[in-house]
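Peer 1: What follows is a single structure, and I will ask about it in a moment.
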Amino acid sequence: ANTGWMLAAASIPSLATDSQLDPCPDFSLEKEMMHRMLRVDHAGEYGANRIYAGQMAVLGRSRTGPLIQQMWDQEKKHLSKFNEILAENRVRPTALLPLWNLAGFVLGASTALLGKEGAMACTVAVEESISEHYNSQIRALMESDPERYTELLQVIKEFRDDEMDHHDTGLEHDAESLPGYWLLKNAIQLGCKAAIYVSQRV
Amino acid sequence: MAALLRGLRAGRLLRGLSSVVAAPTSTTPQCSSLRRGFHCAALRLQDESKSDKHSASSSSSSSSSSSSTTHDDYTSQQDFDPSSGDQEQDEDYETEEQLQARILTAALEFVPLHGWSMEAISAGAEAVGLSSASTGMFTNGAGDLVLHFISQCNSKLTEILAEQHNEVQLGQAEPKKTADFLRDAVETRLRMYIPYMESWPQAMSILLLPHNIPDSLKHLSTMVDDIWYYAGDRSTDMNWYTKRAVLTGLYNATELVMLQDSSPDFQDTWTFLDNRIQDVTNMAVTAKQMQSTGEAVAQGLMGAAVTLKNLTGLNQRR
């Protein structure tokens, strides 16, 4: 069922006649904030998908294959949900998608080449970044107007819980036993922060 | 110390005003909704005392300037916090926008006579019952008129597309194929220019002025996004960008052809449009064919490689 904000967003064309001089009359700051959030979330899930694809390409036939496949399937579900939300709200996807396609796959594949621990370390780092990001979005939405965004909040909370599960799974499977774990983790998290920053704007 | 601060503020005020004066036509620094630099200057105007404001400005009528001062104040606040504001100030805000819209709509009738210019806007103001001095409201002059017209056309197009969409939803009409839909949408939109065709080159050149380019691009991209949305595009990958780029190119090319078209009812333009859409469709089909051919070739090569490995015994584990 659609809630208020989705209905409001979907009815944009009918409001277009209100203000003749402004080319984008309904683009209030709030809607802009919403679009940025959805854009970066979509980019994040897309990138996560590609990371798991890269990991599977290397470790797909090893013992950790089924585990990675399971996590990848959950990310696929997240991505399709965000595709739906973006289409409904006519949000522009980030122009950097081809870049995240390549970068995600390369990151997943190269960490998987370090072995199972490398793949798990990458998972831990990325999932931690994503969970942090979702948490800050939840905070922002709760601060602005929790009733209006109930459905979106629910979606983000559910996804955040899934990502935390992946993070814990990674830790369980000896991510920390990788030599240089601290270095790799921080490097990846820095990259994620940069990616989030850029995807919100481009 | 206080005198130094006053001097600094006066300096900032003058710099803000000079950026406004450098902008075209109007001598009155009244506010129109899109000038950020002017909003900063307007805010500084509010900070200064009334006497400073009157001496620095060259307003044609003090009453309209003081009434718009409150609008300036509110609209600059509007920029930073659109969701707040009193009920009465909301009504004032809408009235100014609506008033400008009314004047510009009335001015459109005089465009065939005066072209896209301040004369047309003055004639429009008089037709609505105001003095022609109220054209001071339009700091961008003819640009405001052209942009208003474009915005009006886009709104009309969106209404038509939404209506057609509803009819299809209700089952009263058949959904069109994408190529036909695009063709009809572009034709409908371009036909709105026919009454103003003689002066349209002037309008296009006004839109190409540097300070009008951001707004005209925004209008164009909103229109293209609307057309694709109603054509059923729900893509969330690079197709979003390629589709809109293609339609923008199509629209601009057809508009240019229309400028030089002298055939009855612009038949040549619509033929040109048909041909270009056909080209685009062919390109899309060819691209798909190439992709599937490429995949088939890749699979064939992989198969050949595996066969070779089998033949040479490289696949056996010893």
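Just remember, in the structure tokens the first chain shown is A, the second B, etc., residues are 1-based per chain, and ligands are 1-based in the order shown.
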Skip B:Ser216 itself and residues of its chain fewer than 4 positions away, then list as a list in words all residues within 8 Å of it, counting only C-alpha atoms.
Peer 2: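 Near neighbours after the sequence-gap exclusion: Leu147, Leu207, Asn212 and Leu220 of chain B.
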Peer 1: Using N, CA and C atoms, can you write the selected residues to a file as a PDB file, in the first residue's frame?
Peer 2:
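Now in selection_14.pdb:
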```
ATOM      1  N   LEU B 147      10.508  32.219 -20.894  1.00  0.00           N
ATOM      2  CA  LEU B 147      10.528  31.091 -19.950  1.00  0.00           C
ATOM      3  C   LEU B 147       9.126  30.785 -19.443  1.00  0.00           C
ATOM      4  N   LEU B 207      16.751  32.455 -25.244  1.00  0.00           N
ATOM      5  CA  LEU B 207      16.997  31.319 -24.355  1.00  0.00           C
ATOM      6  C   LEU B 207      18.471  30.937 -24.320  1.00  0.00           C
ATOM      7  N   ASN B 212      20.134  32.780 -19.130  1.00  0.00           N
ATOM      8  CA  ASN B 212      18.895  32.024 -19.293  1.00  0.00           C
ATOM      9  C   ASN B 212      19.127  30.538 -19.491  1.00  0.00           C
ATOM     10  N   LEU B 220      13.779  22.072 -20.324  1.00  0.00           N
ATOM     11  CA  LEU B 220      13.933  21.023 -21.323  1.00  0.00           C
ATOM     12  C   LEU B 220      14.024  19.655 -20.664  1.00  0.00           C
TER      13      LEU B 220
END
```
Peer 1: Do a neighbour search on B:Asn154 at 9 Å with only C-alpha atoms, toss out local chain neighbours closer than 6 positions, and write the hits as a PyMOL selection string.
Peer 2: (chain A and resi 16) or (chain B and resi 189+219-220+222-223+226)
Peer 1: Please list as a PyMOL selection string every residue within 10 Å of A:Val198, counting only C-alpha atoms and excluding residues in the same chain fewer than 3 positions away.
Peer 2: chain A and resi 40+94+96+192-195+201-202
Peer 1: Could the residues in this selection be written to a file with N, CA, C and O atoms, as a compact mmCIF listing (two decimals), in the first residue's frame?
Peer 2:
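Ended up saving to part_14.txt:
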```
# COMPACT_ATOMS: atom_id res chain seq x y z
N VAL A 40 21.44 7.43 -3.42
CA VAL A 40 22.64 6.85 -2.87
C VAL A 40 22.38 5.44 -2.35
O VAL A 40 23.24 4.55 -2.46
N THR A 94 22.06 7.44 -10.10
CA THR A 94 23.34 8.12 -10.19
C THR A 94 24.02 7.83 -11.53
O THR A 94 23.96 6.72 -12.05
N LEU A 96 27.00 7.52 -12.02
CA LEU A 96 28.25 6.79 -11.84
C LEU A 96 28.05 5.29 -11.78
O LEU A 96 28.96 4.56 -11.41
N CYS A 192 34.24 3.57 0.64
CA CYS A 192 32.78 3.58 0.71
C CYS A 192 32.27 4.97 1.05
O CYS A 192 31.28 5.44 0.47
N LYS A 193 32.94 5.64 2.00
CA LYS A 193 32.50 6.99 2.35
C LYS A 193 32.57 7.91 1.14
O LYS A 193 31.66 8.70 0.89
N ALA A 194 33.68 7.81 0.39
CA ALA A 194 33.82 8.66 -0.79
C ALA A 194 32.73 8.35 -1.80
O ALA A 194 32.13 9.25 -2.40
N ALA A 195 32.45 7.05 -1.99
CA ALA A 195 31.43 6.65 -2.95
C ALA A 195 30.06 7.20 -2.56
O ALA A 195 29.30 7.69 -3.40
N ARG A 201 25.51 13.28 -5.08
CA ARG A 201 25.49 14.51 -5.83
C ARG A 201 25.46 14.32 -7.35
O ARG A 201 24.89 15.13 -8.05
N VAL A 202 26.09 13.28 -7.82
CA VAL A 202 26.19 13.17 -9.28
C VAL A 202 25.00 12.39 -9.84
O VAL A 202 24.70 11.33 -9.33
```
Peer 1: Kindly provide the residues of chain B that approach chain A to within 9 Å, each paired with its closest atom pair and their distance in Å to one decimal, based on only C-alpha atoms, listed by chain and increasing number, as JSON lines.
Peer 2:
```
{"residue": "B:Ser33", "atom": "CA", "partner": "A:Asp22", "partner_atom": "CA", "distance": 7.7}
{"residue": "B:Leu34", "atom": "CA", "partner": "A:Asp22", "partner_atom": "CA", "distance": 7.7}
{"residue": "B:Asp79", "atom": "CA", "partner": "A:Leu29", "partner_atom": "CA", "distance": 8.9}
{"residue": "B:Phe80", "atom": "CA", "partner": "A:Leu29", "partner_atom": "CA", "distance": 8.4}
{"residue": "B:Asp81", "atom": "CA", "partner": "A:Leu29", "partner_atom": "CA", "distance": 8.0}
{"residue": "B:Pro82", "atom": "CA", "partner": "A:Ser28", "partner_atom": "CA", "distance": 6.8}
{"residue": "B:Ser83", "atom": "CA", "partner": "A:Ser28", "partner_atom": "CA", "distance": 8.3}
{"residue": "B:Glu94", "atom": "CA", "partner": "A:Ser19", "partner_atom": "CA", "distance": 8.3}
{"residue": "B:Glu97", "atom": "CA", "partner": "A:Ser19", "partner_atom": "CA", "distance": 6.9}
{"residue": "B:Gln98", "atom": "CA", "partner": "A:Ser19", "partner_atom": "CA", "distance": 7.4}
{"residue": "B:Gln100", "atom": "CA", "partner": "A:Leu21", "partner_atom": "CA", "distance": 8.2}
{"residue": "B:Ala101", "atom": "CA", "partner": "A:Gln20", "partner_atom": "CA", "distance": 6.2}
{"residue": "B:Asp144", "atom": "CA", "partner": "A:Leu21", "partner_atom": "CA", "distance": 7.6}
{"residue": "B:Leu147", "atom": "CA", "partner": "A:Leu21", "partner_atom": "CA", "distance": 7.0}
{"residue": "B:His148", "atom": "CA", "partner": "A:Leu21", "partner_atom": "CA", "distance": 5.4}
{"residue": "B:Phe149", "atom": "CA", "partner": "A:Gln20", "partner_atom": "CA", "distance": 8.5}
{"residue": "B:Ser151", "atom": "CA", "partner": "A:Gln20", "partner_atom": "CA", "distance": 5.9}
{"residue": "B:Gln152", "atom": "CA", "partner": "A:Gln20", "partner_atom": "CA", "distance": 6.4}
{"residue": "B:Asn154", "atom": "CA", "partner": "A:Ala16", "partner_atom": "CA", "distance": 8.7}
{"residue": "B:Ser155", "atom": "CA", "partner": "A:Thr17", "partner_atom": "CA", "distance": 5.7}
{"residue": "B:Lys156", "atom": "CA", "partner": "A:Thr17", "partner_atom": "CA", "distance": 8.2}
{"residue": "B:Thr158", "atom": "CA", "partner": "A:Pro13", "partner_atom": "CA", "distance": 6.4}
{"residue": "B:Glu159", "atom": "CA", "partner": "A:Ser14", "partner_atom": "CA", "distance": 7.2}
{"residue": "B:Ala162", "atom": "CA", "partner": "A:Pro13", "partner_atom": "CA", "distance": 7.5}
{"residue": "B:Asp215", "atom": "CA", "partner": "A:Pro23", "partner_atom": "CA", "distance": 6.7}
{"residue": "B:Ser216", "atom": "CA", "partner": "A:Pro23", "partner_atom": "CA", "distance": 8.2}
{"residue": "B:Lys218", "atom": "CA", "partner": "A:Pro23", "partner_atom": "CA", "distance": 6.3}
{"residue": "B:His219", "atom": "CA", "partner": "A:Pro23", "partner_atom": "CA", "distance": 5.4}
{"residue": "B:Thr222", "atom": "CA", "partner": "A:Cys24", "partner_atom": "CA", "distance": 7.5}
{"residue": "B:Asp225", "atom": "CA", "partner": "A:Arg90", "partner_atom": "CA", "distance": 8.7}
{"residue": "B:Asp226", "atom": "CA", "partner": "A:Pro13", "partner_atom": "CA", "distance": 8.1}
{"residue": "B:Tyr229", "atom": "CA", "partner": "A:Arg90", "partner_atom": "CA", "distance": 7.8}
{"residue": "B:Asp233", "atom": "CA", "partner": "A:Ala87", "partner_atom": "CA", "distance": 8.5}
{"residue": "B:Arg234", "atom": "CA", "partner": "A:Ala87", "partner_atom": "CA", "distance": 5.1}
{"residue": "B:Ser235", "atom": "CA", "partner": "A:Ala87", "partner_atom": "CA", "distance": 6.8}
{"residue": "B:Thr236", "atom": "CA", "partner": "A:Pro93", "partner_atom": "CA", "distance": 5.6}
{"residue": "B:Asp237", "atom": "CA", "partner": "A:Pro93", "partner_atom": "CA", "distance": 6.4}
{"residue": "B:Met238", "atom": "CA", "partner": "A:Ala95", "partner_atom": "CA", "distance": 7.0}
{"residue": "B:Trp240", "atom": "CA", "partner": "A:Arg92", "partner_atom": "CA", "distance": 7.5}
{"residue": "B:Tyr241", "atom": "CA", "partner": "A:Ala95", "partner_atom": "CA", "distance": 7.7}
```
Peer 1: Print the selection's residues with C-alpha atoms to a file, as a JSON list (two decimals), in the first residue's frame.
Peer 2:
```json
[["chain", "number", "residue", "atom", "x", "y", "z"],
["B", 33, "SER", "CA", 12.16, 34.36, -7.78],
["B", 34, "LEU", "CA", 15.30, 32.86, -9.33],
["B", 79, "ASP", "CA", 14.56, 29.89, -0.39],
["B", 80, "PHE", "CA", 16.03, 28.68, 2.86],
["B", 81, "ASP", "CA", 12.98, 27.22, 4.52],
["B", 82, "PRO", "CA", 10.12, 26.53, 2.16],
["B", 83, "SER", "CA", 8.00, 24.53, 4.54],
["B", 94, "GLU", "CA", 1.28, 33.25, -4.26],
["B", 97, "GLU", "CA", 3.74, 34.80, -8.54],
["B", 98, "GLN", "CA", 0.20, 34.57, -9.85],
["B", 100, "GLN", "CA", 3.43, 37.87, -12.72],
["B", 101, "ALA", "CA", 1.98, 34.80, -14.41],
["B", 144, "ASP", "CA", 10.91, 36.00, -18.23],
["B", 147, "LEU", "CA", 10.53, 31.09, -19.95],
["B", 148, "HIS", "CA", 6.95, 31.62, -18.80],
["B", 149, "PHE", "CA", 5.68, 30.54, -22.21],
["B", 151, "SER", "CA", 6.74, 26.54, -18.74],
["B", 152, "GLN", "CA", 3.11, 26.96, -19.79],
["B", 154, "ASN", "CA", 5.27, 22.06, -20.67],
["B", 155, "SER", "CA", 2.37, 22.14, -18.22],
["B", 156, "LYS", "CA", -0.13, 21.79, -21.05],
["B", 158, "THR", "CA", 1.95, 17.16, -19.07],
["B", 159, "GLU", "CA", -1.83, 17.60, -18.70],
["B", 162, "ALA", "CA", -1.64, 12.56, -17.98],
["B", 215, "ASP", "CA", 16.53, 27.76, -16.63],
["B", 216, "SER", "CA", 15.93, 26.73, -20.22],
["B", 218, "LYS", "CA", 15.84, 22.77, -16.57],
["B", 219, "HIS", "CA", 12.63, 23.24, -18.55],
["B", 222, "THR", "CA", 11.73, 18.36, -17.04],
["B", 225, "ASP", "CA", 11.63, 13.36, -18.24],
["B", 226, "ASP", "CA", 7.83, 13.82, -18.29],
["B", 229, "TYR", "CA", 7.68, 8.80, -17.75],
["B", 233, "ASP", "CA", 10.05, 4.34, -18.95],
["B", 234, "ARG", "CA", 10.86, 3.07, -15.46],
["B", 235, "SER", "CA", 14.54, 2.35, -15.97],
["B", 236, "THR", "CA", 16.99, 2.82, -13.11],
["B", 237, "ASP", "CA", 20.27, 2.28, -14.90],
["B", 238, "MET", "CA", 22.22, 4.01, -17.67],
["B", 240, "TRP", "CA", 17.67, 6.48, -17.97],
["B", 241, "TYR", "CA", 20.38, 8.77, -19.32]]
```
Peer 1: Looking only at helix (DSSP H, G or I) from DSSP on the backbone, list the matching residues of stretch 188-246 of chain B as an MDAnalysis selection string.
Peer 2: chainID B and resid 188:191 194:207 213:231 238:246
Peer 1: In terms of the shortest atom-to-atom distance over only C-alpha atoms, which of A:Val124, A:Met34, A:Met71, A:Ile156 is closest to A:Thr111?
Peer 2: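 That would be A:Val124, the residue with the smallest distance to A:Thr111.
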Peer 1: Between atom CA of B:Trp116 and atom CA of B:Ala142, what is the distance in Å, rounded to a tenth?
Peer 2: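 We find that atom CA of B:Trp116 and atom CA of B:Ala142 lie 5.5 Å from each other.
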Peer 1: For a test of reading the model, state the distance in Å between atom CA of A:Gly180 and atom CA of A:Ala125, rounded to one decimal.
Peer 2: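 Computing it gives 12.9 Å between the two atoms.
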Peer 1: Residues at most 12 Å from B:Asn252, counting only C-alpha atoms, excluding those fewer than 4 positions away in the same chain, as a PyMOL selection string?
Peer 2: chain B and resi 186+189-190+204+217+220-221+224+245-248+256-259+269+273+276
Peer 1: Please write the residues from the selection above to a file, keeping C-alpha atoms, as a compact mmCIF listing (two decimals), in the first residue's frame.
Peer 2:
```
# COMPACT_ATOMS: atom_id res chain seq x y z
CA VAL B 186 6.95 15.85 -29.65
CA ARG B 189 4.55 20.05 -27.98
CA LEU B 190 6.00 21.67 -31.09
CA MET B 204 15.38 30.80 -29.10
CA LEU B 217 17.91 23.51 -19.67
CA LEU B 220 13.93 21.02 -21.32
CA SER B 221 15.02 18.24 -18.98
CA VAL B 224 11.91 15.16 -21.59
CA ALA B 245 19.70 12.19 -24.29
CA VAL B 246 18.20 10.67 -27.44
CA LEU B 247 14.86 12.40 -26.96
CA THR B 248 16.55 15.73 -26.26
CA LEU B 256 15.34 23.67 -35.69
CA VAL B 257 13.82 22.07 -38.77
CA MET B 258 10.49 23.61 -37.85
CA LEU B 259 12.02 27.08 -37.84
CA THR B 269 8.82 18.81 -40.01
CA LEU B 273 10.46 13.68 -37.02
CA ARG B 276 14.51 10.43 -37.00
```
